[in-house]
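Student: Okay, so here is query-v5.pdb, and as you'll see once you scroll down, it has PDB, C-alpha atoms.
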```pdb
ATOM      1  CA  MET E 236       0.000   0.000   0.000
ATOM      2  CA  SER E 237       1.556   3.283  -1.093
ATOM      3  CA  PHE E 238       0.315   6.845  -1.347
ATOM      4  CA  LYS E 239       2.377   9.795  -2.530
ATOM      5  CA  PRO E 240       0.230  12.853  -3.237
ATOM      6  CA  ASP E 241       1.602  15.813  -5.137
ATOM      7  CA  GLU E 242       2.454  18.247  -2.369
ATOM      8  CA  SER E 243       1.673  21.193  -4.642
ATOM      9  CA  ASP E 244      -1.985  20.241  -5.008
ATOM     10  CA  VAL E 245      -4.962  19.923  -2.696
ATOM     11  CA  VAL E 246      -6.587  16.489  -2.634
ATOM     12  CA  ILE E 247     -10.390  16.679  -2.774
ATOM     13  CA  LEU E 248     -12.111  14.012  -0.711
ATOM     14  CA  ASP E 249     -15.667  12.785  -1.105
ATOM     15  CA  GLY E 250     -18.601  13.796   1.074
ATOM     16  CA  GLY E 251     -21.009  11.948   3.328
ATOM     17  CA  LEU E 252     -21.394   8.453   1.915
ATOM     18  CA  ALA E 253     -24.386   7.600   4.104
ATOM     19  CA  THR E 254     -25.979  10.969   3.348
ATOM     20  CA  HIS E 255     -25.838  10.309  -0.373
ATOM     21  CA  LEU E 256     -26.995   6.720   0.027
ATOM     22  CA  GLU E 257     -30.072   8.002   1.849
ATOM     23  CA  ALA E 258     -30.658  10.468  -0.988
ATOM     24  CA  LEU E 259     -30.561   7.477  -3.337
ATOM     25  CA  GLY E 260     -33.412   5.922  -1.365
ATOM     26  CA  CYS E 261     -31.559   3.680   1.097
ATOM     27  CA  ASP E 262     -32.877   3.133   4.617
ATOM     28  CA  LEU E 263     -29.856   3.209   6.929
ATOM     29  CA  ARG E 264     -31.699   3.125  10.254
ATOM     30  CA  ASP E 265     -29.553   0.280  11.450
ATOM     31  CA  GLU E 266     -26.537  -0.184  13.722
ATOM     32  CA  LEU E 267     -24.509  -1.207  10.639
ATOM     33  CA  TRP E 268     -25.383   2.103   8.951
ATOM     34  CA  SER E 269     -23.957   2.208   5.394
ATOM     35  CA  ALA E 270     -22.250  -1.173   5.924
ATOM     36  CA  ARG E 271     -25.737  -2.691   5.887
ATOM     37  CA  LEU E 272     -25.731  -2.245   2.118
ATOM     38  CA  LEU E 273     -22.696  -4.490   1.755
ATOM     39  CA  LEU E 274     -25.141  -7.217   2.747
ATOM     40  CA  GLU E 275     -28.265  -5.991   0.965
ATOM     41  CA  ASP E 276     -27.437  -3.806  -2.046
ATOM     42  CA  PRO E 277     -23.726  -3.449  -2.882
ATOM     43  CA  SER E 278     -24.443  -1.919  -6.294
ATOM     44  CA  VAL E 279     -25.852   1.252  -4.758
ATOM     45  CA  VAL E 280     -22.609   1.764  -2.818
ATOM     46  CA  ARG E 281     -20.683   1.624  -6.095
ATOM     47  CA  ARG E 282     -23.114   4.136  -7.588
ATOM     48  CA  ALA E 283     -22.595   6.526  -4.660
ATOM     49  CA  HIS E 284     -18.830   6.380  -5.130
ATOM     50  CA  LEU E 285     -19.273   7.082  -8.845
ATOM     51  CA  ASP E 286     -21.425  10.122  -8.089
ATOM     52  CA  TYR E 287     -18.724  11.566  -5.861
ATOM     53  CA  PHE E 288     -16.033  10.975  -8.472
ATOM     54  CA  ALA E 289     -18.277  12.698 -11.024
ATOM     55  CA  ALA E 290     -18.612  15.662  -8.639
ATOM     56  CA  GLY E 291     -14.838  16.118  -8.574
ATOM     57  CA  ALA E 292     -13.606  13.972  -5.687
ATOM     58  CA  ASP E 293     -10.102  12.549  -6.000
ATOM     59  CA  VAL E 294     -10.751   9.963  -3.271
ATOM     60  CA  ALA E 295     -13.471   7.422  -2.540
ATOM     61  CA  THR E 296     -13.772   6.513   1.132
ATOM     62  CA  THR E 297     -15.073   2.971   1.525
ATOM     63  CA  ALA E 298     -18.246   1.776   3.261
ATOM     64  CA  SER E 299     -16.213   0.031   5.975
ATOM     65  CA  TYR E 300     -16.681   2.657   8.705
ATOM     66  CA  GLN E 301     -18.980   0.352  10.673
ATOM     67  CA  ALA E 302     -18.045  -2.853   8.849
ATOM     68  CA  SER E 303     -16.132  -4.481  11.695
ATOM     69  CA  PHE E 304     -15.805  -8.187  12.394
ATOM     70  CA  PRO E 305     -17.729  -7.931  15.699
ATOM     71  CA  ALA E 306     -20.550  -6.000  14.018
ATOM     72  CA  PHE E 307     -21.045  -8.620  11.326
ATOM     73  CA  VAL E 308     -20.725 -11.476  13.802
ATOM     74  CA  ARG E 309     -23.377  -9.778  15.922
ATOM     75  CA  ARG E 310     -25.537  -9.793  12.789
ATOM     76  CA  GLY E 311     -25.088 -13.580  12.512
ATOM     77  CA  ARG E 312     -22.285 -13.753   9.964
ATOM     78  CA  VAL E 313     -19.329 -16.066  10.457
ATOM     79  CA  TRP E 314     -15.755 -14.774  10.476
ATOM     80  CA  ASP E 315     -15.013 -15.611   6.818
ATOM     81  CA  GLU E 316     -18.208 -13.919   5.672
ATOM     82  CA  ALA E 317     -17.294 -10.807   7.647
ATOM     83  CA  ARG E 318     -13.847 -10.778   6.045
ATOM     84  CA  ALA E 319     -15.389 -11.008   2.563
ATOM     85  CA  LEU E 320     -17.804  -8.145   3.293
ATOM     86  CA  ILE E 321     -15.013  -5.886   4.545
ATOM     87  CA  GLN E 322     -13.007  -6.682   1.409
ATOM     88  CA  LEU E 323     -16.109  -6.001  -0.695
ATOM     89  CA  SER E 324     -16.242  -2.440   0.584
ATOM     90  CA  VAL E 325     -12.883  -1.800  -1.075
ATOM     91  CA  GLU E 326     -13.711  -3.729  -4.240
ATOM     92  CA  LEU E 327     -16.800  -1.568  -4.819
ATOM     93  CA  ALA E 328     -14.754   1.619  -4.511
ATOM     94  CA  ILE E 329     -12.097   0.234  -6.859
ATOM     95  CA  GLU E 330     -14.764  -0.649  -9.438
ATOM     96  CA  ALA E 331     -16.139   2.897  -9.240
ATOM     97  CA  ARG E 332     -12.640   4.369  -9.481
ATOM     98  CA  ASP E 333     -11.890   2.315 -12.581
ATOM     99  CA  GLU E 334     -15.196   3.268 -14.208
ATOM    100  CA  ALA E 335     -14.583   6.927 -13.394
ATOM    101  CA  GLY E 336     -11.147   6.764 -14.984
ATOM    102  CA  GLY E 337      -8.982   7.458 -11.952
ATOM    103  CA  GLY E 338      -8.809   8.355  -8.306
ATOM    104  CA  MET E 339      -7.650   6.975  -4.992
ATOM    105  CA  ILE E 340      -9.220   4.633  -2.475
ATOM    106  CA  ALA E 341      -9.214   5.341   1.261
ATOM    107  CA  ALA E 342     -10.323   2.327   3.299
ATOM    108  CA  SER E 343     -12.353   3.659   6.201
ATOM    109  CA  VAL E 344     -11.299   2.569   9.689
ATOM    110  CA  GLY E 345     -14.096   3.762  11.929
ATOM    111  CA  PRO E 346     -13.613   4.059  15.691
ATOM    112  CA  TYR E 347     -14.648   1.507  18.283
ATOM    113  CA  GLY E 348     -17.441   3.900  19.195
ATOM    114  CA  ALA E 349     -19.068   3.334  15.803
ATOM    115  CA  TYR E 350     -19.442  -0.359  16.664
ATOM    116  CA  LEU E 351     -21.040   0.563  19.997
ATOM    117  CA  ALA E 352     -23.650   2.563  18.030
ATOM    118  CA  ASN E 353     -24.368   4.766  21.038
ATOM    119  CA  GLY E 354     -22.663   8.015  20.084
ATOM    120  CA  ALA E 355     -19.346   7.098  21.706
ATOM    121  CA  GLU E 356     -17.453   8.037  18.545
ATOM    122  CA  TYR E 357     -18.098  11.623  19.639
ATOM    123  CA  THR E 358     -17.281  11.220  23.334
ATOM    124  CA  GLY E 359     -14.646   8.486  23.587
ATOM    125  CA  ASP E 360     -16.635   6.985  26.447
ATOM    126  CA  TYR E 361     -15.241   3.478  25.991
ATOM    127  CA  ASP E 362     -15.176   0.278  27.998
ATOM    128  CA  LEU E 363     -11.832  -0.796  26.467
ATOM    129  CA  ASP E 364      -8.324   0.385  27.286
ATOM    130  CA  GLU E 365      -5.542   0.957  24.772
ATOM    131  CA  ASP E 366      -4.400  -2.665  24.640
ATOM    132  CA  ALA E 367      -7.940  -3.911  24.122
ATOM    133  CA  LEU E 368      -8.526  -1.309  21.424
ATOM    134  CA  VAL E 369      -5.491  -2.581  19.518
ATOM    135  CA  GLU E 370      -6.905  -6.108  19.643
ATOM    136  CA  TRP E 371     -10.385  -4.940  18.633
ATOM    137  CA  HIS E 372      -9.114  -3.015  15.588
ATOM    138  CA  ARG E 373      -6.463  -5.486  14.423
ATOM    139  CA  PRO E 374      -8.577  -8.018  12.415
ATOM    140  CA  ARG E 375     -10.229  -5.385  10.217
ATOM    141  CA  TRP E 376      -6.988  -3.429  10.003
ATOM    142  CA  GLU E 377      -5.176  -6.479   8.619
ATOM    143  CA  VAL E 378      -7.848  -7.068   5.969
ATOM    144  CA  LEU E 379      -7.898  -3.452   4.837
ATOM    145  CA  ALA E 380      -4.104  -3.228   4.837
ATOM    146  CA  GLU E 381      -4.016  -5.955   2.180
ATOM    147  CA  SER E 382      -7.209  -4.937   0.370
ATOM    148  CA  GLY E 383      -5.790  -2.945  -2.528
ATOM    149  CA  ALA E 384      -6.753   0.442  -1.096
ATOM    150  CA  ASP E 385      -4.253   3.273  -1.423
ATOM    151  CA  LEU E 386      -4.384   4.136   2.267
ATOM    152  CA  LEU E 387      -6.408   3.742   5.440
ATOM    153  CA  ALA E 388      -8.686   6.553   6.594
ATOM    154  CA  CYS E 389      -8.632   6.317  10.394
ATOM    155  CA  GLU E 390     -11.515   8.656  11.049
ATOM    156  CA  THR E 391     -13.795  10.150  13.693
ATOM    157  CA  ILE E 392     -11.311   9.138  16.410
ATOM    158  CA  PRO E 393     -12.557  10.565  19.718
ATOM    159  CA  SER E 394      -9.964   9.485  22.272
ATOM    160  CA  TYR E 395      -6.284   9.629  23.065
ATOM    161  CA  ALA E 396      -6.232   5.923  23.925
ATOM    162  CA  GLU E 397      -7.640   5.035  20.506
ATOM    163  CA  ALA E 398      -5.127   7.327  18.804
ATOM    164  CA  ARG E 399      -2.329   5.510  20.618
ATOM    165  CA  ALA E 400      -3.820   2.174  19.521
ATOM    166  CA  ILE E 401      -3.782   3.317  15.894
ATOM    167  CA  ALA E 402      -0.176   4.469  16.230
ATOM    168  CA  ARG E 403       0.723   0.973  17.441
ATOM    169  CA  LEU E 404      -1.079  -0.703  14.544
ATOM    170  CA  LEU E 405       0.789   1.530  12.112
ATOM    171  CA  ARG E 406       4.081   0.372  13.607
ATOM    172  CA  GLU E 407       2.965  -3.237  13.116
ATOM    173  CA  THR E 408       2.284  -2.586   9.401
ATOM    174  CA  PRO E 409       5.168  -0.453   8.123
ATOM    175  CA  ASN E 410       4.044  -0.644   4.484
ATOM    176  CA  VAL E 411       0.663   0.948   5.236
ATOM    177  CA  ASN E 412      -0.112   4.629   4.740
ATOM    178  CA  ALA E 413      -2.953   6.353   6.555
ATOM    179  CA  TRP E 414      -4.527   9.618   7.479
ATOM    180  CA  VAL E 415      -5.799  10.049  11.036
ATOM    181  CA  SER E 416      -8.680  12.423  11.731
ATOM    182  CA  PHE E 417     -10.390  13.200  15.010
ATOM    183  CA  SER E 418     -13.940  14.080  16.014
ATOM    184  CA  CYS E 419     -13.927  17.319  17.990
ATOM    185  CA  PRO E 420     -16.742  19.012  19.926
ATOM    186  CA  ASP E 421     -15.028  22.423  19.946
ATOM    187  CA  GLY E 422     -12.008  24.219  18.544
ATOM    188  CA  ASP E 423      -9.444  22.674  20.887
ATOM    189  CA  HIS E 424     -10.277  19.130  22.015
ATOM    190  CA  VAL E 425     -11.173  15.670  20.782
ATOM    191  CA  GLY E 426     -14.250  13.909  22.103
ATOM    192  CA  ASP E 427     -12.770  12.589  25.361
ATOM    193  CA  GLY E 428     -11.462  16.033  26.344
ATOM    194  CA  THR E 429      -7.827  15.495  25.314
ATOM    195  CA  LYS E 430      -6.272  18.449  23.526
ATOM    196  CA  LEU E 431      -6.136  17.850  19.788
ATOM    197  CA  ALA E 432      -2.524  19.018  19.822
ATOM    198  CA  ASP E 433      -1.576  16.107  22.087
ATOM    199  CA  CYS E 434      -3.339  13.582  19.844
ATOM    200  CA  ALA E 435      -1.859  15.020  16.661
ATOM    201  CA  ALA E 436       1.640  14.928  18.183
ATOM    202  CA  LEU E 437       1.451  11.113  18.249
ATOM    203  CA  PHE E 438       1.720  11.125  14.434
ATOM    204  CA  ALA E 439       3.914  14.168  13.743
ATOM    205  CA  GLY E 440       6.750  13.324  11.394
ATOM    206  CA  ASN E 441       5.572   9.738  10.861
ATOM    207  CA  PRO E 442       6.347   8.893   7.199
ATOM    208  CA  GLN E 443       3.401   6.470   7.089
ATOM    209  CA  VAL E 444       0.927   9.234   7.974
ATOM    210  CA  VAL E 445      -0.058  11.281   4.941
ATOM    211  CA  ALA E 446      -2.164  13.695   6.994
ATOM    212  CA  VAL E 447      -3.614  14.421  10.434
ATOM    213  CA  GLY E 448      -6.781  16.377  10.955
ATOM    214  CA  VAL E 449     -10.452  16.493  11.835
ATOM    215  CA  ASN E 450     -13.755  15.221  10.530
ATOM    216  CA  CYS E 451     -17.355  14.956  11.720
ATOM    217  CA  THR E 452     -17.052  18.307  13.458
ATOM    218  CA  SER E 453     -18.494  21.765  12.927
ATOM    219  CA  PRO E 454     -17.073  23.672   9.953
ATOM    220  CA  GLY E 455     -16.911  26.708  12.201
ATOM    221  CA  ASP E 456     -14.260  25.055  14.377
ATOM    222  CA  VAL E 457     -12.007  23.860  11.553
ATOM    223  CA  LYS E 458      -9.582  26.784  11.362
ATOM    224  CA  SER E 459      -9.054  26.803  15.128
ATOM    225  CA  LEU E 460      -8.456  23.044  15.137
ATOM    226  CA  MET E 461      -6.000  23.294  12.258
ATOM    227  CA  GLY E 462      -3.908  25.597  14.403
ATOM    228  CA  HIS E 463      -3.270  22.730  16.824
ATOM    229  CA  ILE E 464      -1.760  20.411  14.200
ATOM    230  CA  SER E 465       1.920  20.546  13.314
ATOM    231  CA  GLY E 466       4.471  18.216  11.802
ATOM    232  CA  SER E 467       2.011  16.645   9.338
ATOM    233  CA  PRO E 468      -0.049  17.667   6.305
ATOM    234  CA  ILE E 469      -3.608  18.500   7.359
ATOM    235  CA  VAL E 470      -6.864  16.775   6.384
ATOM    236  CA  VAL E 471     -10.256  18.381   7.072
ATOM    237  CA  TYR E 472     -13.709  17.105   6.221
ATOM    238  CA  PRO E 473     -16.279  18.545   8.602
ATOM    239  CA  ASN E 474     -20.024  18.068   8.734
ATOM    240  CA  SER E 475     -22.313  20.346   6.749
ATOM    241  CA  GLY E 476     -22.928  22.789   9.574
ATOM    242  CA  GLU E 477     -26.423  21.592  10.413
ATOM    243  CA  GLY E 478     -27.375  20.613  13.945
ATOM    244  CA  TRP E 479     -29.302  17.563  15.123
ATOM    245  CA  ASP E 480     -32.536  18.203  17.006
ATOM    246  CA  ALA E 481     -32.758  14.997  19.048
ATOM    247  CA  GLU E 482     -36.201  15.783  20.496
ATOM    248  CA  ASN E 483     -37.828  16.207  17.094
ATOM    249  CA  ARG E 484     -35.408  13.868  15.288
ATOM    250  CA  ARG E 485     -34.510  16.236  12.493
ATOM    251  CA  TRP E 486     -31.601  18.301  11.210
ATOM    252  CA  THR E 487     -31.715  22.062  11.697
ATOM    253  CA  GLY E 488     -29.862  24.953  10.113
ATOM    254  CA  ILE E 489     -28.778  25.640   6.569
ATOM    255  CA  ALA E 490     -26.147  23.570   4.812
ATOM    256  CA  ASP E 491     -25.384  25.728   1.785
ATOM    257  CA  PRO E 492     -22.915  24.079  -0.614
ATOM    258  CA  LEU E 493     -21.848  27.531  -1.836
ATOM    259  CA  GLU E 494     -20.879  28.570   1.695
ATOM    260  CA  PHE E 495     -19.152  25.235   2.258
ATOM    261  CA  GLY E 496     -17.122  25.699  -0.922
ATOM    262  CA  ALA E 497     -16.090  29.200   0.152
ATOM    263  CA  ALA E 498     -15.039  27.846   3.542
ATOM    264  CA  ALA E 499     -12.960  25.182   1.795
ATOM    265  CA  ARG E 500     -11.029  27.953   0.072
ATOM    266  CA  GLU E 501     -10.229  29.409   3.501
ATOM    267  CA  TRP E 502      -9.141  26.008   4.839
ATOM    268  CA  ARG E 503      -6.836  25.579   1.864
ATOM    269  CA  ALA E 504      -5.359  29.034   2.454
ATOM    270  CA  ALA E 505      -4.772  28.063   6.096
ATOM    271  CA  GLY E 506      -2.796  25.010   4.995
ATOM    272  CA  ALA E 507      -5.187  22.086   4.526
ATOM    273  CA  ALA E 508      -3.885  19.605   1.954
ATOM    274  CA  PHE E 509      -6.899  17.230   1.968
ATOM    275  CA  ILE E 510     -10.410  18.709   1.978
ATOM    276  CA  GLY E 511     -13.856  17.114   1.783
ATOM    277  CA  GLY E 512     -17.077  16.693   3.701
ATOM    278  CA  CYS E 513     -18.574  14.373   6.301
ATOM    279  CA  CYS E 514     -22.150  13.991   7.599
ATOM    280  CA  ARG E 515     -24.892  15.789   5.643
ATOM    281  CA  THR E 516     -22.540  16.823   2.836
ATOM    282  CA  THR E 517     -23.444  15.727  -0.672
ATOM    283  CA  PRO E 518     -21.955  15.538  -4.171
ATOM    284  CA  GLU E 519     -23.043  19.151  -4.603
ATOM    285  CA  HIS E 520     -20.823  20.182  -1.686
ATOM    286  CA  ILE E 521     -17.894  18.412  -3.328
ATOM    287  CA  ARG E 522     -18.736  20.030  -6.665
ATOM    288  CA  ARG E 523     -18.537  23.451  -5.005
ATOM    289  CA  ILE E 524     -15.208  22.573  -3.337
ATOM    290  CA  LYS E 525     -13.878  21.542  -6.754
ATOM    291  CA  ALA E 526     -15.098  24.790  -8.292
ATOM    292  CA  GLU E 527     -13.456  26.855  -5.561
ATOM    293  CA  LEU E 528     -10.149  24.997  -5.457
ATOM    294  CA  GLY E 529      -9.795  24.052  -9.121
TER     295      GLY E 529
END
```
Before we go any further, please render this structure as structure tokens.

Tutor:
Amino acid sequence: MSFKPDESDVVILDGGLATHLEALGCDLRDELWSARLLLEDPSVVRRAHLDYFAAGADVATTASYQASFPAFVRRGRVWDEARALIQLSVELAIEARDEAGGGMIAASVGPYGAYLANGAEYTGDYDLDEDALVEWHRPRWEVLAESGADLLACETIPSYAEARAIARLLRETPNVNAWVSFSCPDGDHVGDGTKLADCAALFAGNPQVVAVGVNCTSPGDVKSLMGHISGSPIVVYPNSGEGWDAENRRWTGIADPLEFGAAAREWRAAGAAFIGGCCRTTPEHIRRIKAELG
């Protein structure tokens, strides 16, 4: 697995995979989220990747965010079936990349909190310590490391212990490249309250790490968070800017792709090398980023 971006260019990531899948008519009200479609309708995942490539994305991020071995076993699948489904997530992105005529594949490594399906990917409120987190991540990590993806996207990481676990897994697989991005509730900290600067420092200067940054956070906090990252290229792909009204179970606020594209120009000026979108962003958001950044 190798990944050597042109340092003179910004790399445009895709947007919210689950968001676009829902727009395509998929029901993702399930603890497997978008990984459910690896079981039920893989072709629509390939279509979603194609739509993001058509919008201008350079990277397809796979539907493996919640596709862990324990999650599939909990769904009644045996170990070999789970392995095949995790590999399928990469194969679908590769097929879309080939049909689109080029691009890169980032194999999503979601946090342990995504498996818990209780919001812990935003708080880091875990029942596992660092050693146990290494063991929990390792089976999927090993599959994705050999999957044919260009790199691993270790994303929405909410805790210092999980960041340390990822750093250990990288040392175990010296031929693997990755970016590492954290979920942050404000402009200074990751979900468990650790300063982002302390988490980012774990990866500074690591030749395997193509970027460190933030995702699944408010676009308004991105520039402040970027200021806490040094020693690595920076990746940012925040949420749309909408808020979740839990009482009424609906999104609130305005997620204007034009405003998101303009913000992307500011993030690039501040030093971001990888820019895309996370929850509630769509191909139109990526199209506006492409228009702004060229």

Student: Just give me the gap between atom CA of Asn450 of chain E and atom CA of Glu334 of chain E in Å, one decimal is fine.

Tutor: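 Answer for the atom CA of Asn450 of chain E to atom CA of Glu334 of chain E separation: 27.5 Å.
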
Student: Convert the output of the PyMOL selection byres ((chain E and resi 506) around 12) on the shown file into explicit residues, formatted as number ranges by chain.

Tutor: E: 242-245, 446-448, 457-458, 460-462, 464-465, 467-471, 499-505, 507-510

Student: Excluding same-chain residues fewer than 6 positions from Ala526 of chain E, what lies within 12 Å of it counting all atoms listed in the file, as a PDB file with C-alpha atoms, in the coordinates of the input?

Tutor:
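selection_3.pdb written:
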```pdb
ATOM      1  CA  ILE E 247     -10.390  16.679  -2.774  1.00  0.00           C
ATOM      2  CA  ALA E 290     -18.612  15.662  -8.639  1.00  0.00           C
ATOM      3  CA  GLY E 291     -14.838  16.118  -8.574  1.00  0.00           C
ATOM      4  CA  ALA E 292     -13.606  13.972  -5.687  1.00  0.00           C
ATOM      5  CA  PRO E 492     -22.915  24.079  -0.614  1.00  0.00           C
ATOM      6  CA  LEU E 493     -21.848  27.531  -1.836  1.00  0.00           C
ATOM      7  CA  PHE E 495     -19.152  25.235   2.258  1.00  0.00           C
ATOM      8  CA  GLY E 496     -17.122  25.699  -0.922  1.00  0.00           C
ATOM      9  CA  ALA E 497     -16.090  29.200   0.152  1.00  0.00           C
ATOM     10  CA  ALA E 499     -12.960  25.182   1.795  1.00  0.00           C
ATOM     11  CA  ARG E 500     -11.029  27.953   0.072  1.00  0.00           C
ATOM     12  CA  GLU E 519     -23.043  19.151  -4.603  1.00  0.00           C
ATOM     13  CA  HIS E 520     -20.823  20.182  -1.686  1.00  0.00           C
TER      14      HIS E 520
END
```

Student: Taking only C-alpha atoms into account, which of E:Glu356, E:Asp286, E:Asp366, E:Glu381 comes nearest Glu326 of chain E?

Tutor: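 Nearest to Glu326 of chain E: E:Glu381.
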
Student: Decode the PyMOL selection byres ((chain E and resi 267-273) around 6) for the given file into explicit residues and return them as a ChimeraX atom specification.

Tutor: /E:253,263,265-266,274-277,298,301-302

Student: Near segment 412-423 of chain E, counting all atoms listed in the file, which residues have an atom at most 6 Å away, once you skip same-chain residues fewer than 4 positions from it, shown as a ChimeraX atom specification?

Tutor: /E:386-393,430-431,443-452,456,459-460

Student: Hey, can you pull every residue with an atom no more than 9 Å from (-18.9, -2.5, -3.4), using all atoms listed in the file, and send it as a ChimeraX atom specification?

Tutor: /E:272-273,276-282,297-298,320,322-331

Student: Would you list the contacts of Ala380 of chain E as a PyMOL selection string, taking every protein, DNA or RNA residue within 12 Å and counting all atoms listed in the file, but skipping same-chain residues closer than 4 positions in sequence?

Tutor: chain E and resi 236-237+321-322+325+340-344+372-376+384-389+404-405+407-413

Student: Can you list, as a list in words, the residues that the PyMOL selection byres ((chain E and resi 362) around 12) selects here?

Tutor: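 On the file shown, the PyMOL selection byres ((chain E and resi 362) around 12) covers Tyr347, Gly348, Leu351, Ala355, Gly359, Asp360, Tyr361, Leu363, Asp364, Glu365, Asp366, Ala367, Leu368, Trp371, Ala396 and Glu397 of chain E.
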
Student: Using all atoms listed in the file, which of the listed residues (E:Cys434, E:Val308, E:Ala349, E:Val246) sits closest to Ala402 of chain E?

Tutor: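 Among the listed residues, E:Cys434 lies closest to Ala402 of chain E.
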
Student: Any idea what the distance is between atom CA of Gly466 of chain E and atom CA of Glu527 of chain E?

Tutor: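 According to the coordinates, atom CA of Gly466 of chain E and atom CA of Glu527 of chain E are separated by 26.4 Å.
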
Student: Rounded to one decimal, what separation in Å do you get between atom CA of Ser382 of chain E and atom CA of Thr254 of chain E?

Tutor: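 Atom-to-atom, atom CA of Ser382 of chain E and atom CA of Thr254 of chain E are spaced 24.8 Å apart.
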